[in-house]
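Visitor: Dropping in protein06.txt, which is compact mmCIF, C-alpha atoms:
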# COMPACT_ATOMS: atom_id res chain seq x y z
CA MET A 1 20.99 55.92 104.26
CA SER A 2 22.64 58.76 106.12
CA VAL A 3 26.11 60.22 105.66
CA GLN A 4 28.20 60.32 108.83
CA PRO A 5 30.68 63.00 109.93
CA ASN A 6 33.62 60.70 109.13
CA GLY A 7 32.55 60.46 105.48
CA GLY A 8 31.04 57.03 105.77
CA ASN A 9 27.41 56.15 105.65
CA SER A 10 24.96 54.43 107.90
CA GLU A 11 22.06 52.38 106.65
CA ILE A 12 19.26 50.33 108.16
CA PHE A 13 18.17 47.04 106.62
CA ARG A 14 14.95 45.57 107.98
CA ILE A 15 13.47 42.10 108.04
CA ASP A 16 9.86 41.82 109.19
CA LEU A 17 8.85 38.52 110.73
CA PRO A 18 7.18 36.36 109.77
CA ARG A 19 6.33 37.87 106.40
CA ASP A 20 9.92 38.09 105.13
CA ARG A 21 11.01 34.57 106.03
CA ILE A 22 11.96 32.38 103.08
CA LEU A 23 13.72 29.49 104.81
CA VAL A 24 14.23 28.13 108.30
CA GLY A 25 16.47 25.09 108.29
CA LEU A 26 17.42 23.42 111.54
CA VAL A 27 17.84 19.78 112.44
CA GLY A 28 15.08 18.50 114.71
CA THR A 29 12.75 21.51 114.50
CA ASP A 30 9.04 21.38 113.92
CA ASN A 31 9.11 24.92 112.60
CA ALA A 32 10.99 24.32 109.36
CA LEU A 33 9.98 26.66 106.56
CA PRO A 34 8.70 26.42 103.86
CA ALA A 35 6.22 23.60 104.33
CA GLY A 36 7.55 20.45 102.73
CA LEU A 37 11.18 21.42 103.23
CA GLU A 38 13.39 18.35 103.53
CA TRP A 39 16.18 19.69 105.67
CA PRO A 40 19.03 17.22 105.77
CA GLY A 41 18.93 15.31 109.03
CA ASP A 42 22.51 14.46 108.42
CA GLU A 43 24.63 14.63 111.55
CA LEU A 44 27.11 16.50 109.41
CA PHE A 45 25.40 19.84 109.96
CA GLY A 46 24.98 19.44 113.71
CA ASN A 47 23.34 22.53 115.18
CA LEU A 48 23.59 24.58 112.02
CA GLN A 49 20.73 27.04 111.75
CA ALA A 50 20.18 28.33 108.24
CA GLU A 51 17.71 31.13 107.59
CA MET A 52 16.85 33.17 104.54
CA PHE A 53 14.88 36.37 104.34
CA LYS A 54 13.73 39.17 102.11
CA VAL A 55 15.42 42.43 103.07
CA ARG A 56 13.74 45.84 103.23
CA ASP A 57 15.05 49.37 103.38
CA ARG A 58 13.89 51.84 106.02
CA ASN A 59 10.84 52.63 103.86
CA ASP A 60 9.70 49.00 104.01
CA VAL A 61 10.50 48.37 100.34
CA VAL A 62 12.03 44.98 99.53
CA ILE A 63 15.49 45.62 98.11
CA GLY A 64 17.20 42.25 98.41
CA ILE A 65 17.52 38.88 100.05
CA ALA A 66 19.74 37.55 102.80
CA SER A 67 21.05 34.36 104.32
CA ARG A 68 22.02 33.91 107.96
CA LEU A 69 24.07 30.90 109.00
CA ALA A 70 24.83 30.16 112.65
CA ASN A 71 26.44 27.21 114.35
CA VAL A 72 27.56 27.52 117.94
CA SER A 73 29.00 24.00 118.02
CA GLU A 74 31.08 24.09 114.85
CA GLU A 75 34.39 22.38 115.68
CA THR A 76 36.47 24.97 113.83
CA GLY A 77 34.83 27.70 115.86
CA PRO A 78 31.27 28.87 116.42
CA PHE A 79 30.00 31.53 114.05
CA ILE A 80 27.10 33.73 113.06
CA GLU A 81 27.22 35.14 109.52
CA TRP A 82 25.05 37.14 107.18
CA VAL A 83 25.19 37.50 103.41
CA LEU A 84 23.01 40.29 102.02
CA HIS A 85 22.43 40.19 98.28
CA LEU A 86 21.07 43.50 97.01
CA PRO A 87 20.73 43.06 93.22
CA ALA A 88 21.03 46.74 92.36
CA ARG A 89 24.03 47.35 94.59
CA GLY A 90 26.02 44.19 95.30
CA THR A 91 26.58 41.68 98.05
CA ILE A 92 27.88 42.11 101.60
CA TYR A 93 29.38 39.41 103.81
CA LEU A 94 29.06 40.06 107.54
CA GLN A 95 30.44 38.23 110.53
CA MET A 96 28.80 38.74 113.91
CA ASP A 97 29.98 38.39 117.48
CA LEU A 98 28.48 35.38 119.22
CA ALA A 99 27.49 37.21 122.37
CA ALA A 100 25.01 40.05 122.39
CA SER A 101 26.05 43.33 123.98
CA ALA A 102 24.66 44.58 127.27
CA GLU A 103 22.24 46.74 125.27
CA GLY A 104 20.84 43.65 123.59
CA HIS A 105 22.27 43.99 120.12
CA ARG A 106 25.00 41.97 118.45
CA ASN A 107 28.04 43.63 116.90
CA GLY A 108 29.66 42.53 113.68
CA ARG A 109 31.93 43.58 110.88
CA LEU A 110 32.06 43.62 107.10
CA ILE A 111 34.25 40.78 105.82
CA ALA A 112 33.83 41.42 102.11
CA GLY A 113 31.65 43.30 99.67
CA THR A 114 31.04 43.36 95.95
CA GLN A 115 30.10 46.10 93.46
CA ASP A 116 29.07 49.20 95.47
CA PHE A 117 30.43 47.63 98.68
CA GLU A 118 33.71 46.35 97.26
CA THR A 119 36.00 49.02 98.67
CA LEU A 120 34.17 49.56 101.95
CA SER A 121 34.95 48.46 105.46
CA GLY A 122 32.98 48.91 108.60
CA THR A 123 30.74 47.53 111.26
CA VAL A 124 27.21 46.32 111.68
CA TRP A 125 24.65 45.97 114.48
CA GLU A 126 22.08 43.23 114.57
CA ARG A 127 19.11 43.74 116.80
CA PHE A 128 15.89 41.86 117.30
CA ILE A 129 12.79 43.89 118.00
CA THR A 130 9.62 42.32 119.32
CA GLY A 131 6.16 43.75 119.62
CA ILE A 132 5.90 45.27 116.15
CA GLU A 133 2.25 45.97 115.56
CA ASN A 134 1.08 46.67 112.10
CA GLU A 135 -2.44 45.93 110.93
CA ASP A 136 -1.53 46.38 107.27
CA PHE A 137 0.65 43.32 106.99
CA ASP A 138 1.78 40.15 108.74
CA ALA A 139 4.64 41.34 110.96
CA TYR A 140 5.06 41.05 114.69
CA GLU A 141 8.84 41.05 115.07
CA ARG A 142 11.70 42.66 113.25
CA ILE A 143 15.40 42.10 112.70
CA GLU A 144 17.36 45.26 112.01
CA LEU A 145 20.85 45.35 110.56
CA ILE A 146 22.39 48.77 110.97
CA THR A 147 25.56 49.19 108.94
CA ALA A 148 28.24 51.85 109.26
CA PHE A 149 30.58 51.61 106.29
CA ILE A 150 33.38 53.83 105.15
CA GLY A 151 35.52 53.80 102.00
CA ARG A 152 39.29 53.71 101.90
CA LEU A 153 41.03 57.06 101.86
CA GLY A 154 41.81 58.15 98.33
CA ASP A 155 38.99 56.17 96.73
CA GLU A 156 36.99 59.29 96.05
CA GLU A 157 37.07 60.34 92.41
CA MET B 1 2.76 49.30 47.32
CA LYS B 2 5.56 47.16 45.90
CA TYR B 3 8.10 49.42 47.60
CA LEU B 4 6.39 48.89 50.89
CA VAL B 5 6.40 45.12 50.41
CA SER B 6 10.07 45.24 49.41
CA LEU B 7 10.87 47.30 52.49
CA LEU B 8 9.01 44.86 54.72
CA ILE B 9 10.68 41.79 53.20
CA GLY B 10 14.08 43.48 53.34
CA THR B 11 13.56 44.37 56.98
CA LEU B 12 12.54 40.81 57.84
CA ILE B 13 15.51 39.31 55.99
CA GLY B 14 17.84 41.80 57.66
CA ALA B 15 16.46 40.99 61.08
CA ALA B 16 16.76 37.26 60.38
CA LEU B 17 20.36 37.65 59.20
CA PHE B 18 21.17 39.72 62.27
CA ALA B 19 19.65 37.14 64.60
CA ALA B 20 21.44 34.31 62.81
CA GLY B 21 24.73 36.17 62.94
CA MET B 22 24.29 36.74 66.65
CA TYR B 23 23.28 33.14 67.32
CA TYR B 24 26.04 31.57 65.22
CA ASN B 25 28.66 34.18 66.12
CA PRO B 26 31.93 32.46 65.17
CA PHE B 27 33.96 34.71 67.42
CA THR B 28 32.35 33.41 70.59
CA GLY B 29 34.88 31.70 72.82
CA HIS B 30 34.01 28.54 74.72
CA GLU B 31 35.77 28.22 78.05
CA LEU B 32 36.37 24.53 78.61
CA VAL B 33 39.50 24.55 80.74
CA SER B 34 39.55 25.99 84.23
CA PRO B 35 42.00 28.88 84.71
CA LEU B 36 42.86 27.20 88.03
CA ALA B 37 44.02 24.03 86.28
CA ILE B 38 47.60 25.27 86.20
CA SER B 39 47.59 26.47 89.80
CA LYS B 40 49.98 24.76 92.21
CA GLU B 41 47.73 25.62 95.14
CA LYS B 42 45.41 23.10 96.75
CA ASN B 43 41.99 22.99 95.11
CA LEU B 44 38.74 22.30 96.89
CA HIS B 45 36.28 20.69 94.49
CA VAL B 46 32.59 20.31 95.28
CA THR B 47 29.62 19.36 93.13
CA TYR B 48 25.89 19.94 93.45
CA THR B 49 22.70 19.11 91.62
CA ALA B 50 21.48 21.85 89.29
CA VAL B 51 18.01 20.32 88.97
CA PRO B 52 15.68 22.53 91.04
CA GLY B 53 13.45 19.66 92.14
CA GLU B 54 16.46 17.87 93.65
CA MET B 55 17.67 20.90 95.59
CA ILE B 56 16.81 21.64 99.21
CA LEU B 57 15.17 24.85 98.04
CA TYR B 58 14.81 26.74 94.78
CA THR B 59 12.82 29.89 94.22
CA ASP B 60 12.49 32.68 91.70
CA ASP B 61 9.75 35.09 90.62
CA GLY B 62 7.41 32.17 89.93
CA GLU B 63 7.01 33.11 86.26
CA SER B 64 9.80 30.97 84.77
CA THR B 65 9.44 27.51 83.25
CA VAL B 66 11.27 26.07 86.25
CA SER B 67 9.05 25.12 89.17
CA THR B 68 9.98 26.40 92.60
CA HIS B 69 10.79 23.82 95.27
CA PRO B 70 9.24 23.01 97.70
CA ASP B 71 5.90 23.98 96.21
CA ARG B 72 4.99 26.47 98.92
CA VAL B 73 8.24 28.39 99.03
CA VAL B 74 7.96 32.18 98.96
CA GLU B 75 8.42 33.64 95.49
CA LEU B 76 10.65 36.61 94.73
CA TRP B 77 8.06 38.80 93.00
CA GLU B 78 9.05 42.23 94.33
CA PRO B 79 10.47 44.54 91.61
CA ALA B 80 13.95 44.76 93.14
CA ILE B 81 14.40 40.99 93.26
CA VAL B 82 12.24 39.83 90.37
CA ASP B 83 15.32 38.84 88.34
CA THR B 84 16.89 37.00 91.27
CA ARG B 85 16.96 33.29 92.05
CA ILE B 86 17.89 31.37 95.19
CA ALA B 87 19.23 27.82 95.24
CA VAL B 88 20.04 25.96 98.46
CA VAL B 89 21.98 22.78 97.75
CA LEU B 90 24.03 20.06 99.37
CA LEU B 91 27.66 20.13 98.31
CA ASN B 92 29.33 16.79 97.56
CA ASP B 93 32.95 15.78 97.23
CA SER B 94 34.29 13.80 94.28
CA ARG B 95 33.09 10.53 95.87
CA GLY B 96 29.56 11.83 96.25
CA ASN B 97 29.73 12.32 100.01
CA VAL B 98 27.94 15.35 101.41
CA VAL B 99 30.54 17.80 102.66
CA GLY B 100 28.65 21.04 103.00
CA LEU B 101 25.79 23.38 102.34
CA GLY B 102 25.69 26.04 99.63
CA ILE B 103 23.32 28.95 99.20
CA LYS B 104 23.47 30.59 95.79
CA PHE B 105 22.00 33.99 94.97
CA SER B 106 21.84 34.75 91.25
CA THR B 107 20.65 37.93 89.57
CA ASP B 108 20.48 38.70 85.85
CA SER B 109 23.05 41.37 85.15
CA GLU B 110 22.31 44.72 83.54
CA GLN B 111 25.63 44.26 81.71
CA THR B 112 24.12 41.48 79.59
CA ALA B 113 24.83 42.05 75.89
CA LEU B 114 23.52 39.23 73.71
CA ILE B 115 25.09 40.87 70.67
CA ASN B 116 28.45 40.11 72.30
CA SER B 117 27.35 36.60 73.28
CA GLN B 118 27.10 37.61 76.91
CA ALA B 119 24.12 36.56 79.01
CA LEU B 120 25.57 37.65 82.32
CA VAL B 121 24.47 36.76 85.82
CA ASN B 122 25.86 38.17 89.07
CA SER B 123 25.96 35.43 91.64
CA ALA B 124 27.18 34.86 95.17
CA TRP B 125 27.63 31.62 97.11
CA HIS B 126 27.39 31.50 100.89
CA ILE B 127 29.10 28.21 101.72
CA TYR B 128 29.42 26.21 104.93
CA LEU B 129 31.74 23.21 105.03
CA PRO B 130 31.53 21.52 108.47
CA GLY B 131 34.93 20.99 110.00
CA GLN B 132 36.47 23.47 107.57
CA GLY B 133 34.66 26.78 107.79
CA THR B 134 32.62 29.25 105.80
CA LEU B 135 33.27 31.41 102.77
CA LEU B 136 31.73 33.67 100.17
CA VAL B 137 32.24 33.17 96.44
CA ASP B 138 31.33 36.15 94.29
CA GLN B 139 31.28 35.86 90.53
CA ILE B 140 29.97 36.95 87.15
CA GLU B 141 28.68 34.04 85.08
CA ASN B 142 27.99 33.89 81.36
CA TYR B 143 25.01 31.74 80.40
CA TRP B 144 25.22 32.41 76.65
CA SER B 145 26.51 28.90 75.84
CA TYR B 146 23.83 27.40 78.06
CA LEU B 147 21.09 29.33 76.25
CA ARG B 148 22.50 28.67 72.80
CA GLU B 149 23.37 25.01 73.15
CA ILE B 150 20.65 23.79 75.50
CA VAL B 151 17.67 26.10 76.00
CA VAL B 152 17.13 27.20 72.38
CA PRO B 153 17.59 23.70 70.87
CA ALA B 154 15.17 22.33 73.48
CA ARG B 155 12.55 24.88 72.41
CA TRP B 156 13.13 24.13 68.73
CA SER B 157 12.87 20.40 69.34
CA SER B 158 9.54 18.80 68.47
CA GLY B 159 9.70 16.98 71.80
CA ASP B 160 10.43 20.18 73.74
CA ASN B 161 13.58 18.70 75.15
CA TRP B 162 17.33 18.49 74.70
CA LYS B 163 19.64 15.58 75.34
CA GLY B 164 23.35 15.65 74.84
CA SER B 165 26.62 16.40 76.51
CA PHE B 166 27.37 19.91 77.70
CA PHE B 167 30.25 21.13 79.79
CA ARG B 168 31.23 24.75 80.27
CA ILE B 169 33.07 26.95 82.70
CA MET B 170 30.35 29.43 83.62
CA THR B 171 32.51 31.85 85.60
CA GLN B 172 33.69 34.85 83.62
CA GLY B 173 34.86 37.21 86.36
CA PRO B 174 35.44 39.45 88.16
CA GLY B 175 39.00 38.09 88.36
CA ALA B 176 41.39 39.05 85.57
CA LEU B 177 41.72 35.41 84.49
CA GLY B 178 37.97 34.93 84.44
CA THR B 179 37.83 33.61 87.97
CA ALA B 180 35.46 34.22 90.86
CA ARG B 181 36.55 36.04 93.99
CA VAL B 182 36.61 34.09 97.25
CA SER B 183 36.48 35.64 100.72
CA GLY B 184 37.08 33.38 103.68
CA GLY B 185 34.85 33.66 106.71
CA THR B 186 35.59 31.24 109.54
CA GLY B 187 37.65 28.16 110.34
CA GLU B 188 40.55 27.36 108.05
CA PHE B 189 39.22 29.89 105.54
CA SER B 190 39.35 32.79 108.01
CA GLY B 191 41.01 35.82 106.42
CA MET B 192 41.56 33.98 103.15
CA THR B 193 41.20 35.64 99.76
CA SER B 194 41.34 33.39 96.78
CA GLU B 195 39.83 32.47 93.42
CA ALA B 196 37.31 29.94 92.17
CA VAL B 197 35.54 28.77 89.04
CA GLU B 198 32.12 27.23 88.58
CA SER B 199 31.25 24.83 85.78
CA LEU B 200 28.06 23.21 84.57
CA THR B 201 27.59 19.72 83.16
CA ALA B 202 24.27 18.92 81.49
CA ARG B 203 22.80 15.85 79.85
CA ALA B 204 19.08 16.57 79.57
CA TYR B 205 16.83 19.64 79.59
CA SER B 206 13.11 20.09 79.11
CA ALA B 207 11.67 23.26 77.60
CA ILE B 208 8.63 22.68 79.80
CA ASP B 209 10.18 21.73 83.15
CA GLY B 210 13.73 23.10 82.93
CA PRO B 211 16.87 21.13 83.85
CA VAL B 212 16.38 17.34 83.98
CA SER B 213 19.92 16.04 84.33
CA MET B 214 22.38 18.74 85.28
CA ASN B 215 25.19 19.19 87.79
CA GLY B 216 27.31 22.12 88.81
CA SER B 217 30.73 22.15 90.35
CA LEU B 218 32.83 24.66 92.19
CA THR B 219 36.59 24.56 92.26
CA ILE B 220 38.00 26.79 94.96
CA MET B 221 41.70 27.49 95.24
CA VAL B 222 42.83 27.20 98.85
CA PRO B 223 46.24 28.83 99.32
CA ASN B 224 48.70 26.60 101.13
CA THR B 225 48.93 27.48 104.79
CA ALA B 226 52.05 27.14 106.88
CA ASP B 227 50.81 23.77 108.13
CA ASP B 228 50.39 22.46 104.62
CA THR B 229 53.73 23.63 103.36
CA GLU B 230 56.06 20.75 102.73
What do you get writing this file as structure tokens?
Guide:
Amino acid sequence: MSVQPNGGNSEIFRIDLPRDRILVGLVGTDNALPAGLEWPGDELFGNLQAEMFKVRDRNDVVIGIASRLANVSEETGPFIEWVLHLPARGTIYLQMDLAASAEGHRNGRLIAGTQDFETLSGTVWERFITGIENEDFDAYERIELITAFIGRLGDEE
Amino acid sequence: MKYLVSLLIGTLIGAALFAAGMYYNPFTGHELVSPLAISKEKNLHVTYTAVPGEMILYTDDGESTVSTHPDRVVELWEPAIVDTRIAVVLLNDSRGNVVGLGIKFSTDSEQTALINSQALVNSAWHIYLPGQGTLLVDQIENYWSYLREIVVPARWSSGDNWKGSFFRIMTQGPGALGTARVSGGTGEFSGMTSEAVESLTARAYSAIDGPVSMNGSLTIMVPNTADDTE
């Protein structure tokens, strides 16, 4: 975590793939995870892609878990969302833009937070990094969520 | 020597009385009626199975009596998440039709105080209701009644099980009326802030396998929109 000139803070959350995957749920995929998962084939969920991960800090320590839901054909409007649950600090609810930026990352914003994140607002970047090489553990790709949150004026005690 | 024996017996009796007083605390309130029952707003009511083996996915640290599901799901053994559980469930309406998907994160709270009859859990639901939208439900739950009326009797039972009828409102906060906080994400819930309560209905529990017959329900208050206003 680093403090920014505007008084907010910036933080990087990392997800190493495949070692941090908990769930991959998608209708019609052969790559569902974990093995034996009975993902509902119900037409109700259409193209919903549900994923769950363990979340690491910049030092590669697991600090929480996360869910990512995406459905580009939802009739009320396509969406990509994250919920990060960090037991020691609270939960953050993020909504992402559908289209990636020219630089290859996806922008998003904090919708709601609890506990330490309750009074914050801000933005988030999601970027997918390939070609991670680490012989110590099973990781070849990485998702990074880079948050930039700031508290409301007058919240400081 | 006799003083030592007296001290030991006195200590044991004191500890037993303390434990009994805590367990049978007559000042413990039992929330049976939803604080949203008197609301004039529209309520969204969904139910789900609370039996891990019937869920799409359930995982914890792998050390509890409850088996993870499916068998090969990753366990949450790392120190920061060792007290956390994940449940992925189908959400049903009152007729039993599947209406959505719910992902529940639950973590034992450091605010737990059994002496005050509070076994607290911080939990968050990430919910997707096709054709309606997405939302987050954040709450503090109190599992004291669940432990006292189901888990402990099941362990005391010679058959290692409990059968009966249990219904409780589990939500205790963070709302002032003991309600959960709801944040809308997309669709008709976009920009919405509201309240919710979660309840648990149980009929059978095994001290060896965990919940056998158990259902949860979420009641979410959906403020009337301009379109709904009559």
Visitor: Only residues of chain A matter here; which ones have an atom within 9 Å of chain B, counting all atoms listed in the file? Give them as a PyMOL selection string.
Guide: chain A and resi 20-23+33-40+42+44-46+54+61-67+69+74-79+81-83+85-88+90-91+93-95+111-114
Visitor: Go ahead and write the residues just picked, C-alpha atoms, as a tab-separated table (two decimals), keeping the file's coordinate frame.
Guide:
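Now in again-v6.tsv:
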chain	number	residue	atom	x	y	z
A	20	ASP	CA	9.92	38.09	105.13
A	21	ARG	CA	11.01	34.57	106.03
A	22	ILE	CA	11.96	32.38	103.08
A	23	LEU	CA	13.72	29.49	104.81
A	33	LEU	CA	9.98	26.66	106.56
A	34	PRO	CA	8.70	26.42	103.86
A	35	ALA	CA	6.22	23.60	104.33
A	36	GLY	CA	7.55	20.45	102.73
A	37	LEU	CA	11.18	21.42	103.23
A	38	GLU	CA	13.39	18.35	103.53
A	39	TRP	CA	16.18	19.69	105.67
A	40	PRO	CA	19.03	17.22	105.77
A	42	ASP	CA	22.51	14.46	108.42
A	44	LEU	CA	27.11	16.50	109.41
A	45	PHE	CA	25.40	19.84	109.96
A	46	GLY	CA	24.98	19.44	113.71
A	54	LYS	CA	13.73	39.17	102.11
A	61	VAL	CA	10.50	48.37	100.34
A	62	VAL	CA	12.03	44.98	99.53
A	63	ILE	CA	15.49	45.62	98.11
A	64	GLY	CA	17.20	42.25	98.41
A	65	ILE	CA	17.52	38.88	100.05
A	66	ALA	CA	19.74	37.55	102.80
A	67	SER	CA	21.05	34.36	104.32
A	69	LEU	CA	24.07	30.90	109.00
A	74	GLU	CA	31.08	24.09	114.85
A	75	GLU	CA	34.39	22.38	115.68
A	76	THR	CA	36.47	24.97	113.83
A	77	GLY	CA	34.83	27.70	115.86
A	78	PRO	CA	31.27	28.87	116.42
A	79	PHE	CA	30.00	31.53	114.05
A	81	GLU	CA	27.22	35.14	109.52
A	82	TRP	CA	25.05	37.14	107.18
A	83	VAL	CA	25.19	37.50	103.41
A	85	HIS	CA	22.43	40.19	98.28
A	86	LEU	CA	21.07	43.50	97.01
A	87	PRO	CA	20.73	43.06	93.22
A	88	ALA	CA	21.03	46.74	92.36
A	90	GLY	CA	26.02	44.19	95.30
A	91	THR	CA	26.58	41.68	98.05
A	93	TYR	CA	29.38	39.41	103.81
A	94	LEU	CA	29.06	40.06	107.54
A	95	GLN	CA	30.44	38.23	110.53
A	111	ILE	CA	34.25	40.78	105.82
A	112	ALA	CA	33.83	41.42	102.11
A	113	GLY	CA	31.65	43.30	99.67
A	114	THR	CA	31.04	43.36	95.95
Visitor: Leaving out Gly131 (chain A) and any residue of its chain fewer than 4 positions from it, which residues lie within 12 Å of it when counting all atoms listed in the file, given as a ChimeraX atom specification?
Guide: /A:16-17,139-143
Visitor: Pick out the residues sitting within 12 Å of region 152-155 of chain B, and hand them over as a PDB file with C-alpha atoms, in the coordinates of the input; count only C-alpha atoms, and ignore anything fewer than 2 positions along from it in its own chain.
Guide:
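Written out: out_7.pdb:
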ATOM      1  CA  TYR B  23      23.280  33.140  67.320  1.00  0.00           C
ATOM      2  CA  THR B  65       9.440  27.510  83.250  1.00  0.00           C
ATOM      3  CA  TRP B 144      25.220  32.410  76.650  1.00  0.00           C
ATOM      4  CA  SER B 145      26.510  28.900  75.840  1.00  0.00           C
ATOM      5  CA  TYR B 146      23.830  27.400  78.060  1.00  0.00           C
ATOM      6  CA  LEU B 147      21.090  29.330  76.250  1.00  0.00           C
ATOM      7  CA  ARG B 148      22.500  28.670  72.800  1.00  0.00           C
ATOM      8  CA  GLU B 149      23.370  25.010  73.150  1.00  0.00           C
ATOM      9  CA  ILE B 150      20.650  23.790  75.500  1.00  0.00           C
ATOM     10  CA  SER B 157      12.870  20.400  69.340  1.00  0.00           C
ATOM     11  CA  SER B 158       9.540  18.800  68.470  1.00  0.00           C
ATOM     12  CA  GLY B 159       9.700  16.980  71.800  1.00  0.00           C
ATOM     13  CA  ASP B 160      10.430  20.180  73.740  1.00  0.00           C
ATOM     14  CA  ASN B 161      13.580  18.700  75.150  1.00  0.00           C
ATOM     15  CA  TRP B 162      17.330  18.490  74.700  1.00  0.00           C
ATOM     16  CA  LYS B 163      19.640  15.580  75.340  1.00  0.00           C
ATOM     17  CA  GLY B 164      23.350  15.650  74.840  1.00  0.00           C
ATOM     18  CA  ARG B 203      22.800  15.850  79.850  1.00  0.00           C
ATOM     19  CA  ALA B 204      19.080  16.570  79.570  1.00  0.00           C
ATOM     20  CA  TYR B 205      16.830  19.640  79.590  1.00  0.00           C
ATOM     21  CA  SER B 206      13.110  20.090  79.110  1.00  0.00           C
ATOM     22  CA  ALA B 207      11.670  23.260  77.600  1.00  0.00           C
ATOM     23  CA  ILE B 208       8.630  22.680  79.800  1.00  0.00           C
ATOM     24  CA  ASP B 209      10.180  21.730  83.150  1.00  0.00           C
ATOM     25  CA  GLY B 210      13.730  23.100  82.930  1.00  0.00           C
ATOM     26  CA  PRO B 211      16.870  21.130  83.850  1.00  0.00           C
ATOM     27  CA  VAL B 212      16.380  17.340  83.980  1.00  0.00           C
TER      28      VAL B 212
END
Visitor: Which is closer to Ile129 (chain A) than all the others in A:Leu48, A:Asp30, A:Thr147, A:Gly104, using only C-alpha atoms?
Guide: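 Among the listed residues, A:Gly104 lies closest to Ile129 (chain A).
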Visitor: With all atoms listed in the file as the basis for distance, which of A:Gly8, A:Val27, A:Leu120, A:Ile15 is at the shortest distance from Arg58 (chain A)?
Guide: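 Closest to Arg58 (chain A) of all the choices is A:Ile15.
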